[in-house]
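Peer 1: Provided herewith is a single structure, encoded as structure tokens, for subsequent inquiry.
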Amino acid sequence: MRNLLPFILSIIIPGGGQIFLKDYKKGFLILLLFIAGDLVIPFIPFQYIYVVCMIWSLVDLYMTVENIDGKQKTIWNLFFSLLIVLISFGLIPRSSASKIKYIFTM
């Protein structure tokens with residue numbers, strides 16, 4: 001479980017997993033490039049910068065955790081964290097949209 005949380009953090013906030021594993025230089029570098037990329041290059045949509053930084057963060061995190069836990073457990077942690085995030089992000093907008101629709105129809 002200790003190495004599942006960094007993957008979830010890196011999907012939500014690029015560089016968050018590295019910061020959780022106390023690799024502060026890489027974590028803050030990825031986070032800084034994510035924020036600076038969004039501010040400096042305004043004509044590139046936010047999603048593209050986010051996806052590039054998230055993939056970079058996940059690949060680096062995968063290589064770091066693979067040295068600790070081994071390949072099979074690391075792949076399982078990555079898959080399970082992606083599944084958790086996809087399910088939770090899929091449920092949040094639907095529940096919020098239905099609540100907003102309910103408020104305006106009253």
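Order determines the names: the first chain of the structure tokens is A, the second B, and so forth; residues in each chain are numbered 1 upward, and ligands are numbered 1 upward as they are shown.
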Residues of stretch 39-90 of chain A that have any atom at most 9 Å from an atom of stretch 7-30 of chain A: could you tabulate them with the shortest-distance atom pair and the distance in Å to one decimal, using only C-alpha atoms, ordered by chain and increasing number, as JSON lines?

Peer 2:
{"residue": "A:Tyr50", "atom": "CA", "partner": "A:Pro14", "partner_atom": "CA", "distance": 7.5}
{"residue": "A:Val51", "atom": "CA", "partner": "A:Pro14", "partner_atom": "CA", "distance": 8.7}
{"residue": "A:Cys53", "atom": "CA", "partner": "A:Pro14", "partner_atom": "CA", "distance": 5.8}
{"residue": "A:Met54", "atom": "CA", "partner": "A:Pro14", "partner_atom": "CA", "distance": 4.8}
{"residue": "A:Ile55", "atom": "CA", "partner": "A:Pro14", "partner_atom": "CA", "distance": 8.2}
{"residue": "A:Trp56", "atom": "CA", "partner": "A:Ile30", "partner_atom": "CA", "distance": 8.0}
{"residue": "A:Ser57", "atom": "CA", "partner": "A:Gly15", "partner_atom": "CA", "distance": 5.6}
{"residue": "A:Leu58", "atom": "CA", "partner": "A:Ser10", "partner_atom": "CA", "distance": 6.3}
{"residue": "A:Asp60", "atom": "CA", "partner": "A:Gln18", "partner_atom": "CA", "distance": 8.4}
{"residue": "A:Leu61", "atom": "CA", "partner": "A:Gln18", "partner_atom": "CA", "distance": 6.6}
{"residue": "A:Tyr62", "atom": "CA", "partner": "A:Phe7", "partner_atom": "CA", "distance": 8.3}
{"residue": "A:Asn77", "atom": "CA", "partner": "A:Phe7", "partner_atom": "CA", "distance": 7.4}
{"residue": "A:Leu78", "atom": "CA", "partner": "A:Phe7", "partner_atom": "CA", "distance": 6.2}
{"residue": "A:Ser81", "atom": "CA", "partner": "A:Ile8", "partner_atom": "CA", "distance": 5.3}
{"residue": "A:Leu82", "atom": "CA", "partner": "A:Ile8", "partner_atom": "CA", "distance": 7.2}
{"residue": "A:Ile84", "atom": "CA", "partner": "A:Ile8", "partner_atom": "CA", "distance": 7.9}
{"residue": "A:Val85", "atom": "CA", "partner": "A:Ile8", "partner_atom": "CA", "distance": 6.9}

Peer 1: List every residue of stretch 41-73 of chain A that DSSP, applied to the backbone of this structure, places in helix (DSSP H, G or I), and write the result as number ranges by chain.

Peer 2: A: 46-69, 71-73

Peer 1: As an exercise, work out the distance from atom CA of A:Phe43 to atom CA of A:Leu31 in Å and give it to one decimal place.

Peer 2: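 Result for atom CA of A:Phe43 versus atom CA of A:Leu31: 19.5 Å, one decimal.
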
Peer 1: So how many Å separate atom CA of A:Thr74 and atom CA of A:Leu33, to one decimal?

Peer 2: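 Those two atoms sit 25.6 Å apart.
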
Peer 1: If I take atom CA of A:Leu5 and atom CA of A:Trp76, how far is one from the other in Å, to one decimal?

Peer 2: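 Result for atom CA of A:Leu5 versus atom CA of A:Trp76: 12.5 Å, one decimal.
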
Peer 1: Kindly indicate which residue among A:Leu86, A:Phe80, A:Gln72, A:Phe34 lies nearest to A:Val52, using only C-alpha atoms for the distances.

Peer 2: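 Of A:Leu86, A:Phe80, A:Gln72, A:Phe34, the one nearest A:Val52, counting only C-alpha atoms, is A:Phe34.
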